[in-house]
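These notes are about the structure you will find just below.
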Amino acid sequence: MTKEPYDLLIKNAVYFAENQLRQGHILVRQGKIDCILTSDSDITQVMADSVIDGTGLVVFPGFIDSHVHFRDPGATAKEDFFTGSCAAAAGGFTTVCDMPNVTPCTCTAETLMAKIADAEKKSLVDFGFYGAAGFGNFDQLAAMDKIGITGFKTFLQPGPKGQEENFSGLVAYDDGELWRLMNETAKIGTRHFFHCENYKIIEKMAAYLHEIGEEGYNFHYQSRPNIAEVQSIATVLQFARVTGQKVGICHISTAEGCELVKKAKAAGMDVVGETCFHYLVYSHAAIDTYGPFAKCNPPLRSQEDVDGLWAYIADGTIDMIGSDHAPHQYEEKLVGMEKEIWKAPSGIPSIETFIPTMLNQVAKGKLTPEQLVGLVSEHTAKVFGLYPRKGCIAPGSDGDFTIIDFNRETVIDITKMYTKGRKNNVMFDGVKVQGRVCYTIVRGNIVMENGVVATQEKGWGSYIYREKEDNRAYAEEKDDYHHNRR
Ligand SMILES: [Zn+2]
C-alpha cells in the first residue's frame, strides 16, 4: 500500500457492475477508480482525503444527462454553465451533454472551442458538446468532429425569426436540405441526432386552430399532433437507410415514433432512441393544468402514449433518457399564462427533478435499478463513445458516482433548486418521491452532498471528447490537464 493518500474511499459500497449488485470498498486515485477491495481488513490502513460510508446506500456509475440546454453563450439570464452545472450536480449528474442552439450557435470549430474554454472555467461536472449541423455549415462538420463532439444535432425547421443566420448551421428547412446534409454527415460517420417534428404540419395546424378559435392551453398539443413527430422520424430513418448514416432520434414522445425506431433496429440499422422522463410520467393533462409551465416540444402526449412508451423502455428500443433541461425566465413563461400559450417559450428546467422522478418509478416497480443504470449511464456512455471511462464502476474508469438512498422519502422543493429556471418547475413542486440522491461525485471529487452543491468547485468539470482514433492526440492532452489540476 503506497503512502500517498487516495482521493476518495467509499467503504461498504453496494454498487452496480456488469448489471449486478456487488459489494466492496471503492478507492479512487488521481480521479480514476484505482481498485475495489472486498475484504474489510484491506482498508484498515487506507488513507483517503474523503471517506464515505456507503452502508444503506446504492452506488451507481455517475449519471449522464444526454440532453441539456444550458443557454450559454447568448441567453445567460435563463441559465449559464455554472448554474446549469450546479443544477446537474444537485440532480445527480456527473456528466452532461449540452445542445448547440445557443448564440453564437455551436456550428463552427471556432464557436465550439470558445464554448469549451468558457465552460472549463464554470462547470462543476464533466460535459460533452453536440455540434450543430445544418444546411449552412457543411465546411465546419469535419473540423468540429475532430474536436470530439458528442454528435451532430439538427432541428428540422427554419431558424427562429430574426435569427436565421445564427441558426443556418443548425437547421434543415426541408427534405432537400436534409437529404444533402445527411449525405455530408454520412461521410464523417459520427452519429447525427435530430429534433423530429414536421414544422409544416405544426404551422398549418396552428393557423387552423386560431381560425376556429381553439386557443386554450390545449392549443399547444393540438397544434403539434403525434403525426408531426411520427412523419418526421419516418423521413429521417428513410434517409438514414439510404445514406448509411448512424442517427439518433431525440426526445421521442409517441409510442408510434418508438415503433418506427424498433423496426429500424430490427432491420439492422444503427439508430439510437432517446426519450425524456416527463414523457414517461406526465400526459397533456399537465398542460391543461399548468399551461406554459408544462409546455415543451414535442408536447406532453395522451395517457395512451405515456403508457405506451414504457413498453419500449422494457424492450430496449429506448437506449437513453435525457432531461431536455430547458430553462427560461419566469416572466417569459407568464406571457402564456392568460391564454395565448403560443407566446410562451417551450421547455421545462427539469435536470433537478429527473432522477427523483425516476427513483420514484423504481420504488413503484415500473423500472428496475438495472434498467436505470443503462438508461442514464451505461448506454449513454456507450452511445457517446465514453465507455468504459464513463458509465462503469471498474478499476481504470473515472471516479464518477451517483449515490442513492432508496429508503429516504423526499418532497421536491423548487426554492432549493440551483437552476435559474427554478420558479418554472411548478408542476413538480411539493411532489413526494421515494428515493434521494445523496452524493454526486466527479472524478473522485464530491460536488454535491445531501442536496448541497459544492459551488466552490466551479471549474472542476472538464470537456469530455468522444473517443475516436483521429482525436486521440487531443484526448491525451486533456488527460494531462486533469492530472495537473490535482
Ligand atoms: Zn432539447
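How things are named: the first chain in the C-alpha cells is A, the next is B, and so on; residues count from 1 in each chain; ligands count from 1 in the order shown.
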### Message
I'd like the neighbourhood of Asn297 (chain A) as a list of chain:residue names, where a residue qualifies if any of its atoms comes within 8 Å (using only C-alpha atoms), though same-chain residues fewer than 2 positions away should be ignored.
### Response
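The residues that qualify are A:Lys295, A:Pro299, A:Leu300, A:Ser346, A:Gly347.
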Once you have the residues from the selection above, write them out as a tab-separated table (two decimals), in the first residue's frame, restricted to C-alpha atoms.
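Final output, saved to part09.tsv:
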chain	number	residue	atom	x	y	z
A	295	LYS	CA	-45.11	23.47	-22.35
A	299	PRO	CA	-45.53	18.33	-26.28
A	300	LEU	CA	-46.68	16.02	-23.49
A	346	SER	CA	-41.14	25.92	-24.78
A	347	GLY	CA	-39.09	23.98	-22.27
Report the closest atom pair, with its distance in Å rounded to one decimal, for each residue of chain A that has an atom no farther than 8 Å from ligand 1; count only C-alpha atoms and all ligand atoms, sort by chain and then rising residue number, and write it as JSON lines.
{"residue": "A:His67", "atom": "CA", "partner": "ligand 1", "partner_atom_place_in_ligand_line": "1 (Zn)", "distance": 6.2}
{"residue": "A:Val68", "atom": "CA", "partner": "ligand 1", "partner_atom_place_in_ligand_line": "1 (Zn)", "distance": 6.4}
{"residue": "A:His69", "atom": "CA", "partner": "ligand 1", "partner_atom_place_in_ligand_line": "1 (Zn)", "distance": 6.5}
{"residue": "A:Met99", "atom": "CA", "partner": "ligand 1", "partner_atom_place_in_ligand_line": "1 (Zn)", "distance": 6.9}
{"residue": "A:His195", "atom": "CA", "partner": "ligand 1", "partner_atom_place_in_ligand_line": "1 (Zn)", "distance": 7.5}
{"residue": "A:Cys250", "atom": "CA", "partner": "ligand 1", "partner_atom_place_in_ligand_line": "1 (Zn)", "distance": 7.7}
{"residue": "A:His251", "atom": "CA", "partner": "ligand 1", "partner_atom_place_in_ligand_line": "1 (Zn)", "distance": 7.5}
{"residue": "A:Asn297", "atom": "CA", "partner": "ligand 1", "partner_atom_place_in_ligand_line": "1 (Zn)", "distance": 7.9}
{"residue": "A:Asp324", "atom": "CA", "partner": "ligand 1", "partner_atom_place_in_ligand_line": "1 (Zn)", "distance": 4.7}
{"residue": "A:His325", "atom": "CA", "partner": "ligand 1", "partner_atom_place_in_ligand_line": "1 (Zn)", "distance": 7.2}
{"residue": "A:Ala326", "atom": "CA", "partner": "ligand 1", "partner_atom_place_in_ligand_line": "1 (Zn)", "distance": 6.8}
{"residue": "A:Gly347", "atom": "CA", "partner": "ligand 1", "partner_atom_place_in_ligand_line": "1 (Zn)", "distance": 7.9}
Write a file of the selected residues as a PDB file, in the first residue's frame, keeping C-alpha atoms.
ATOM      1  CA  HIS A  67     -29.668  16.277 -23.433  1.00  0.00           C
ATOM      2  CA  VAL A  68     -29.390  19.680 -21.734  1.00  0.00           C
ATOM      3  CA  HIS A  69     -29.714  23.329 -22.791  1.00  0.00           C
ATOM      4  CA  MET A  99     -27.065  21.195 -27.119  1.00  0.00           C
ATOM      5  CA  HIS A 195     -35.318  17.015 -33.179  1.00  0.00           C
ATOM      6  CA  CYS A 250     -34.066  12.846 -29.623  1.00  0.00           C
ATOM      7  CA  HIS A 251     -36.856  13.017 -27.053  1.00  0.00           C
ATOM      8  CA  ASN A 297     -41.502  20.426 -27.602  1.00  0.00           C
ATOM      9  CA  ASP A 324     -34.086  18.130 -22.065  1.00  0.00           C
ATOM     10  CA  HIS A 325     -33.408  20.669 -19.319  1.00  0.00           C
ATOM     11  CA  ALA A 326     -34.641  23.873 -20.981  1.00  0.00           C
ATOM     12  CA  GLY A 347     -39.095  23.978 -22.268  1.00  0.00           C
TER      13      GLY A 347
END
### Query
So, counting only C-alpha atoms, which residue among A:Ile147, A:Val373, A:Ser85, A:Ile318 is closest to Tyr418 (chain A)?
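Going through A:Ile147, A:Val373, A:Ser85, A:Ile318 one by one, the smallest distance to Tyr418 (chain A) is for A:Ser85.
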#### Entry: Among listed residues A:Phe219, A:Tyr6, A:Tyr15, A:Phe401, nearest Gln30 (chain A) (using only C-alpha atoms)
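Distance minimum relative to Gln30 (chain A) lands on A:Tyr6.
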### Task
Counting only C-alpha atoms, figure out which residue out of A:Thr38, A:Thr254, A:Ser123, A:Thr243 gets nearest to Asn183 (chain A).
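Closest residue, counting only C-alpha atoms: A:Thr243.
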### Task
Counting only C-alpha atoms, figure out which residue out of A:Pro356, A:Asp398, A:Asp288, A:Asn19 gets nearest to Glu215 (chain A).
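Nearest to Glu215 (chain A): A:Asp288.
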### Message
I need the residue nearest Ala117 (chain A) from this list: A:Val261, A:Ala363, A:Ile355, A:Asp72. Use only C-alpha atoms for the distance.
### Response
A:Asp72
### Query
If we count only C-alpha atoms, what is near Asp42 (chain A) at a cut-off of 12 Å, once residues fewer than 5 positions away on the same chain are taken out, given as JSON, numbers by chain?
{"A": [1, 11, 24, 25, 26, 27, 35, 36, 37, 47]}
### Query
What is the distance, in Å and to one decimal place, between CA of Lys78 (chain A) and CA of Arg466 (chain A)?
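One can read the CA of Lys78 (chain A) to CA of Arg466 (chain A) distance as 27.8 Å.
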Using only C-alpha atoms, which protein or nucleic acid residues come within 7 Å of region 161-167 of chain A? Drop anything in the same chain fewer than 4 positions from it, and give the result as a PDB file with N, CA and C atoms, in the first residue's frame.
ATOM      1  N   THR A 103     -26.259  31.194 -28.800  1.00  0.00           N
ATOM      2  CA  THR A 103     -25.862  32.318 -29.657  1.00  0.00           C
ATOM      3  C   THR A 103     -24.509  32.874 -29.200  1.00  0.00           C
ATOM      4  N   PRO A 104     -23.452  32.824 -30.010  1.00  0.00           N
ATOM      5  CA  PRO A 104     -23.457  32.238 -31.344  1.00  0.00           C
ATOM      6  C   PRO A 104     -23.645  30.721 -31.306  1.00  0.00           C
ATOM      7  N   CYS A 105     -24.302  30.227 -32.331  1.00  0.00           N
ATOM      8  CA  CYS A 105     -24.601  28.807 -32.455  1.00  0.00           C
ATOM      9  C   CYS A 105     -23.307  27.984 -32.497  1.00  0.00           C
ATOM     10  N   VAL A 171     -30.162  24.096 -38.722  1.00  0.00           N
ATOM     11  CA  VAL A 171     -31.472  23.668 -39.220  1.00  0.00           C
ATOM     12  C   VAL A 171     -31.395  23.133 -40.644  1.00  0.00           C
TER      13      VAL A 171
END
Please list as a PDB file with all heavy atoms, in the first residue's frame every residue within 10 Å of region 54-56 of chain A, counting only C-alpha atoms and excluding residues in the same chain fewer than 2 positions away.
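Dumped to around_31.pdb:
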ATOM      1  N   LEU A   9     -12.399   7.219  -0.576  1.00  0.00           N
ATOM      2  CA  LEU A   9     -12.751   5.830  -0.240  1.00  0.00           C
ATOM      3  C   LEU A   9     -14.259   5.779  -0.013  1.00  0.00           C
ATOM      4  O   LEU A   9     -14.790   6.551   0.791  1.00  0.00           O
ATOM      5  CB  LEU A   9     -12.017   5.386   1.038  1.00  0.00           C
ATOM      6  CG  LEU A   9     -12.581   4.141   1.759  1.00  0.00           C
ATOM      7  CD1 LEU A   9     -12.457   2.889   0.887  1.00  0.00           C
ATOM      8  CD2 LEU A   9     -11.877   3.919   3.094  1.00  0.00           C
ATOM      9  N   ILE A  10     -14.937   4.919  -0.772  1.00  0.00           N
ATOM     10  CA  ILE A  10     -16.344   4.641  -0.458  1.00  0.00           C
ATOM     11  C   ILE A  10     -16.349   3.253   0.154  1.00  0.00           C
ATOM     12  O   ILE A  10     -16.163   2.254  -0.548  1.00  0.00           O
ATOM     13  CB  ILE A  10     -17.248   4.679  -1.706  1.00  0.00           C
ATOM     14  CG1 ILE A  10     -17.057   5.979  -2.488  1.00  0.00           C
ATOM     15  CG2 ILE A  10     -18.721   4.523  -1.296  1.00  0.00           C
ATOM     16  CD1 ILE A  10     -17.790   6.006  -3.827  1.00  0.00           C
ATOM     17  N   LYS A  11     -16.482   3.216   1.498  1.00  0.00           N
ATOM     18  CA  LYS A  11     -16.426   1.903   2.135  1.00  0.00           C
ATOM     19  C   LYS A  11     -17.830   1.310   2.260  1.00  0.00           C
ATOM     20  O   LYS A  11     -18.827   2.035   2.234  1.00  0.00           O
ATOM     21  CB  LYS A  11     -15.715   1.977   3.491  1.00  0.00           C
ATOM     22  CG  LYS A  11     -16.323   2.927   4.489  1.00  0.00           C
ATOM     23  CD  LYS A  11     -15.510   2.898   5.776  1.00  0.00           C
ATOM     24  CE  LYS A  11     -16.202   3.708   6.852  1.00  0.00           C
ATOM     25  NZ  LYS A  11     -15.472   3.727   8.115  1.00  0.00           N
ATOM     26  N   ASN A  12     -17.870  -0.004   2.351  1.00  0.00           N
ATOM     27  CA  ASN A  12     -19.142  -0.744   2.455  1.00  0.00           C
ATOM     28  C   ASN A  12     -20.100  -0.371   1.313  1.00  0.00           C
ATOM     29  O   ASN A  12     -21.286  -0.168   1.527  1.00  0.00           O
ATOM     30  CB  ASN A  12     -19.830  -0.473   3.798  1.00  0.00           C
ATOM     31  CG  ASN A  12     -18.888  -0.680   4.966  1.00  0.00           C
ATOM     32  OD1 ASN A  12     -18.188  -1.694   5.014  1.00  0.00           O
ATOM     33  ND2 ASN A  12     -18.840   0.270   5.875  1.00  0.00           N
ATOM     34  N   ALA A  13     -19.531  -0.293   0.120  1.00  0.00           N
ATOM     35  CA  ALA A  13     -20.352   0.127  -1.015  1.00  0.00           C
ATOM     36  C   ALA A  13     -21.103  -1.058  -1.614  1.00  0.00           C
ATOM     37  O   ALA A  13     -20.535  -2.116  -1.840  1.00  0.00           O
ATOM     38  CB  ALA A  13     -19.462   0.754  -2.093  1.00  0.00           C
ATOM     39  N   VAL A  14     -22.392  -0.848  -1.830  1.00  0.00           N
ATOM     40  CA  VAL A  14     -23.160  -1.759  -2.672  1.00  0.00           C
ATOM     41  C   VAL A  14     -23.251  -1.038  -4.007  1.00  0.00           C
ATOM     42  O   VAL A  14     -23.763   0.074  -4.088  1.00  0.00           O
ATOM     43  CB  VAL A  14     -24.562  -2.007  -2.090  1.00  0.00           C
ATOM     44  CG1 VAL A  14     -25.435  -2.779  -3.081  1.00  0.00           C
ATOM     45  CG2 VAL A  14     -24.453  -2.765  -0.774  1.00  0.00           C
ATOM     46  N   TYR A  15     -22.687  -1.645  -5.053  1.00  0.00           N
ATOM     47  CA  TYR A  15     -22.553  -0.907  -6.312  1.00  0.00           C
ATOM     48  C   TYR A  15     -22.921  -1.781  -7.504  1.00  0.00           C
ATOM     49  O   TYR A  15     -22.968  -3.008  -7.405  1.00  0.00           O
ATOM     50  CB  TYR A  15     -21.126  -0.364  -6.462  1.00  0.00           C
ATOM     51  CG  TYR A  15     -20.068  -1.444  -6.637  1.00  0.00           C
ATOM     52  CD1 TYR A  15     -19.608  -1.792  -7.902  1.00  0.00           C
ATOM     53  CD2 TYR A  15     -19.530  -2.103  -5.537  1.00  0.00           C
ATOM     54  CE1 TYR A  15     -18.649  -2.771  -8.065  1.00  0.00           C
ATOM     55  CE2 TYR A  15     -18.574  -3.090  -5.687  1.00  0.00           C
ATOM     56  CZ  TYR A  15     -18.127  -3.423  -6.957  1.00  0.00           C
ATOM     57  OH  TYR A  15     -17.193  -4.403  -7.125  1.00  0.00           O
ATOM     58  N   GLN A  23     -20.567  -5.941  -3.750  1.00  0.00           N
ATOM     59  CA  GLN A  23     -20.174  -5.246  -2.525  1.00  0.00           C
ATOM     60  C   GLN A  23     -18.678  -5.087  -2.475  1.00  0.00           C
ATOM     61  O   GLN A  23     -17.929  -5.980  -2.907  1.00  0.00           O
ATOM     62  CB  GLN A  23     -20.629  -6.042  -1.308  1.00  0.00           C
ATOM     63  CG  GLN A  23     -21.962  -5.559  -0.787  1.00  0.00           C
ATOM     64  CD  GLN A  23     -22.359  -6.284   0.472  1.00  0.00           C
ATOM     65  OE1 GLN A  23     -22.440  -7.503   0.475  1.00  0.00           O
ATOM     66  NE2 GLN A  23     -22.624  -5.535   1.526  1.00  0.00           N
ATOM     67  N   GLY A  24     -18.216  -3.958  -1.958  1.00  0.00           N
ATOM     68  CA  GLY A  24     -16.777  -3.759  -1.826  1.00  0.00           C
ATOM     69  C   GLY A  24     -16.460  -2.377  -1.314  1.00  0.00           C
ATOM     70  O   GLY A  24     -17.354  -1.587  -0.990  1.00  0.00           O
ATOM     71  N   HIS A  25     -15.162  -2.096  -1.256  1.00  0.00           N
ATOM     72  CA  HIS A  25     -14.686  -0.779  -0.832  1.00  0.00           C
ATOM     73  C   HIS A  25     -14.002  -0.162  -2.050  1.00  0.00           C
ATOM     74  O   HIS A  25     -13.017  -0.701  -2.550  1.00  0.00           O
ATOM     75  CB  HIS A  25     -13.695  -0.911   0.335  1.00  0.00           C
ATOM     76  CG  HIS A  25     -14.210  -1.779   1.458  1.00  0.00           C
ATOM     77  ND1 HIS A  25     -15.258  -1.402   2.252  1.00  0.00           N
ATOM     78  CD2 HIS A  25     -13.844  -3.029   1.879  1.00  0.00           C
ATOM     79  CE1 HIS A  25     -15.496  -2.358   3.156  1.00  0.00           C
ATOM     80  NE2 HIS A  25     -14.659  -3.356   2.934  1.00  0.00           N
ATOM     81  N   ILE A  26     -14.562   0.967  -2.521  1.00  0.00           N
ATOM     82  CA  ILE A  26     -14.081   1.558  -3.779  1.00  0.00           C
ATOM     83  C   ILE A  26     -13.057   2.642  -3.476  1.00  0.00           C
ATOM     84  O   ILE A  26     -13.318   3.550  -2.682  1.00  0.00           O
ATOM     85  CB  ILE A  26     -15.259   2.166  -4.578  1.00  0.00           C
ATOM     86  CG1 ILE A  26     -16.332   1.100  -4.844  1.00  0.00           C
ATOM     87  CG2 ILE A  26     -14.763   2.777  -5.883  1.00  0.00           C
ATOM     88  CD1 ILE A  26     -17.622   1.651  -5.440  1.00  0.00           C
ATOM     89  N   VAL A  51     -13.812  10.189   2.910  1.00  0.00           N
ATOM     90  CA  VAL A  51     -14.330   8.842   3.158  1.00  0.00           C
ATOM     91  C   VAL A  51     -15.855   8.915   3.249  1.00  0.00           C
ATOM     92  O   VAL A  51     -16.403   9.770   3.951  1.00  0.00           O
ATOM     93  CB  VAL A  51     -13.769   8.249   4.474  1.00  0.00           C
ATOM     94  CG1 VAL A  51     -14.350   6.846   4.718  1.00  0.00           C
ATOM     95  CG2 VAL A  51     -12.246   8.204   4.443  1.00  0.00           C
ATOM     96  N   ILE A  52     -16.504   8.038   2.499  1.00  0.00           N
ATOM     97  CA  ILE A  52     -17.968   7.956   2.571  1.00  0.00           C
ATOM     98  C   ILE A  52     -18.323   6.547   3.019  1.00  0.00           C
ATOM     99  O   ILE A  52     -17.776   5.578   2.489  1.00  0.00           O
ATOM    100  CB  ILE A  52     -18.601   8.238   1.182  1.00  0.00           C
ATOM    101  CG1 ILE A  52     -18.408   9.705   0.789  1.00  0.00           C
ATOM    102  CG2 ILE A  52     -20.089   7.879   1.176  1.00  0.00           C
ATOM    103  CD1 ILE A  52     -18.823  10.030  -0.638  1.00  0.00           C
ATOM    104  N   VAL A  58     -26.912   2.911  -2.319  1.00  0.00           N
ATOM    105  CA  VAL A  58     -26.535   2.184  -3.533  1.00  0.00           C
ATOM    106  C   VAL A  58     -25.692   3.112  -4.400  1.00  0.00           C
ATOM    107  O   VAL A  58     -26.070   4.258  -4.654  1.00  0.00           O
ATOM    108  CB  VAL A  58     -27.769   1.685  -4.321  1.00  0.00           C
ATOM    109  CG1 VAL A  58     -27.332   0.914  -5.552  1.00  0.00           C
ATOM    110  CG2 VAL A  58     -28.673   0.821  -3.440  1.00  0.00           C
ATOM    111  N   VAL A  59     -24.535   2.602  -4.824  1.00  0.00           N
ATOM    112  CA  VAL A  59     -23.593   3.402  -5.608  1.00  0.00           C
ATOM    113  C   VAL A  59     -23.758   3.068  -7.094  1.00  0.00           C
ATOM    114  O   VAL A  59     -23.573   1.917  -7.502  1.00  0.00           O
ATOM    115  CB  VAL A  59     -22.138   3.131  -5.164  1.00  0.00           C
ATOM    116  CG1 VAL A  59     -21.166   3.990  -5.969  1.00  0.00           C
ATOM    117  CG2 VAL A  59     -21.973   3.385  -3.662  1.00  0.00           C
ATOM    118  N   ILE A 403     -24.748   8.468  -5.785  1.00  0.00           N
ATOM    119  CA  ILE A 403     -25.074   7.588  -4.657  1.00  0.00           C
ATOM    120  C   ILE A 403     -26.503   7.873  -4.188  1.00  0.00           C
ATOM    121  O   ILE A 403     -26.864   9.020  -3.923  1.00  0.00           O
ATOM    122  CB  ILE A 403     -24.053   7.752  -3.504  1.00  0.00           C
ATOM    123  CG1 ILE A 403     -22.628   7.511  -4.049  1.00  0.00           C
ATOM    124  CG2 ILE A 403     -24.382   6.791  -2.367  1.00  0.00           C
ATOM    125  CD1 ILE A 403     -21.534   7.552  -2.993  1.00  0.00           C
ATOM    126  N   ILE A 404     -27.275   6.795  -4.124  1.00  0.00           N
ATOM    127  CA  ILE A 404     -28.719   6.905  -3.895  1.00  0.00           C
ATOM    128  C   ILE A 404     -29.120   6.245  -2.579  1.00  0.00           C
ATOM    129  O   ILE A 404     -28.627   5.172  -2.243  1.00  0.00           O
ATOM    130  CB  ILE A 404     -29.491   6.179  -5.038  1.00  0.00           C
ATOM    131  CG1 ILE A 404     -29.086   6.704  -6.434  1.00  0.00           C
ATOM    132  CG2 ILE A 404     -31.006   6.247  -4.817  1.00  0.00           C
ATOM    133  CD1 ILE A 404     -29.521   8.105  -6.734  1.00  0.00           C
ATOM    134  N   ASP A 405     -30.048   6.891  -1.883  1.00  0.00           N
ATOM    135  CA  ASP A 405     -30.698   6.270  -0.737  1.00  0.00           C
ATOM    136  C   ASP A 405     -32.144   5.977  -1.136  1.00  0.00           C
ATOM    137  O   ASP A 405     -32.960   6.898  -1.240  1.00  0.00           O
ATOM    138  CB  ASP A 405     -30.651   7.214   0.473  1.00  0.00           C
ATOM    139  CG  ASP A 405     -31.201   6.555   1.730  1.00  0.00           C
ATOM    140  OD1 ASP A 405     -31.823   5.468   1.607  1.00  0.00           O
ATOM    141  OD2 ASP A 405     -31.011   7.108   2.831  1.00  0.00           O
ATOM    142  N   PHE A 406     -32.427   4.714  -1.390  1.00  0.00           N
ATOM    143  CA  PHE A 406     -33.772   4.340  -1.826  1.00  0.00           C
ATOM    144  C   PHE A 406     -34.778   4.355  -0.684  1.00  0.00           C
ATOM    145  O   PHE A 406     -35.984   4.311  -0.908  1.00  0.00           O
ATOM    146  CB  PHE A 406     -33.768   2.948  -2.477  1.00  0.00           C
ATOM    147  CG  PHE A 406     -33.294   2.958  -3.909  1.00  0.00           C
ATOM    148  CD1 PHE A 406     -32.020   2.526  -4.237  1.00  0.00           C
ATOM    149  CD2 PHE A 406     -34.121   3.410  -4.928  1.00  0.00           C
ATOM    150  CE1 PHE A 406     -31.580   2.546  -5.555  1.00  0.00           C
ATOM    151  CE2 PHE A 406     -33.695   3.435  -6.249  1.00  0.00           C
ATOM    152  CZ  PHE A 406     -32.425   2.995  -6.567  1.00  0.00           C
ATOM    153  N   ASN A 407     -34.270   4.412   0.539  1.00  0.00           N
ATOM    154  CA  ASN A 407     -35.181   4.335   1.686  1.00  0.00           C
ATOM    155  C   ASN A 407     -35.678   5.692   2.149  1.00  0.00           C
ATOM    156  O   ASN A 407     -36.509   5.781   3.051  1.00  0.00           O
ATOM    157  CB  ASN A 407     -34.483   3.630   2.854  1.00  0.00           C
ATOM    158  CG  ASN A 407     -34.098   2.217   2.470  1.00  0.00           C
ATOM    159  OD1 ASN A 407     -34.907   1.498   1.887  1.00  0.00           O
ATOM    160  ND2 ASN A 407     -32.857   1.833   2.736  1.00  0.00           N
TER     161      ASN A 407
END
### Message
For a quick check of understanding, using only C-alpha atoms, which of A:Met358, A:Glu203, A:Ile341, A:Gly365 has the smallest distance to Tyr279 (chain A)?
### Response
A:Met358
### Query
Excluding same-chain residues fewer than 3 positions from Cys86 (chain A), what lies within 8 Å of it counting only C-alpha atoms, as a PyMOL selection string?
chain A and resi 82-83+89-90+123-125+418-419+453+455
#### Entry: Near-Ile446 (chain A) list (12 Å; only C-alpha atoms; drop same-chain fewer than 3 positions) as a PyMOL selection string
chain A and resi 7-10+28+31+49-52+62+89-90+92-94+124-125+399-403+438-443+449-457+460-461
## Note on the structure
One decimal place gives the CA of Leu367 (chain A)-CA of Phe193 (chain A) separation as 25.8 Å
### Atom pair CA of Arg191 (chain A) / CA of Lys263 (chain A): separation (Å)
18.7 Å
#### Entry: Backbone-only DSSP, strand (DSSP E or B) members of region 87-269 of chain A, as a list in words
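Here are the strand (DSSP E or B) residues of region 87-269 of chain A: Phe93, Thr94, Thr95, Val96, Cys97, Asp98, Asp126, Phe127, Gly128, Phe129, Gly131, Ala132, Phe152, Lys153, Thr154, Phe155, Val171, His192, Phe193, Phe194, His195, Val247, Gly248 and Ile249 of chain A.
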What are the closest atom pairs, with distances in Å to one decimal, for each residue of region 333-385 of chain A lying within 12 Å of region 280-284 of chain A, using only C-alpha atoms, rows by chain and rising residue number, as a Markdown table?
| residue | atom | partner | partner_atom | distance |
| --- | --- | --- | --- | --- |
| A:Thr353 | CA | A:Val281 | CA | 11.7 |
| A:Phe354 | CA | A:Val281 | CA | 10.4 |
| A:Thr357 | CA | A:Val281 | CA | 8.3 |
| A:Met358 | CA | A:Val281 | CA | 9.0 |
| A:Asn360 | CA | A:Val281 | CA | 10.4 |
| A:Gln361 | CA | A:Val281 | CA | 8.8 |
| A:Lys366 | CA | A:Leu280 | CA | 10.3 |
| A:Leu367 | CA | A:Leu280 | CA | 11.1 |
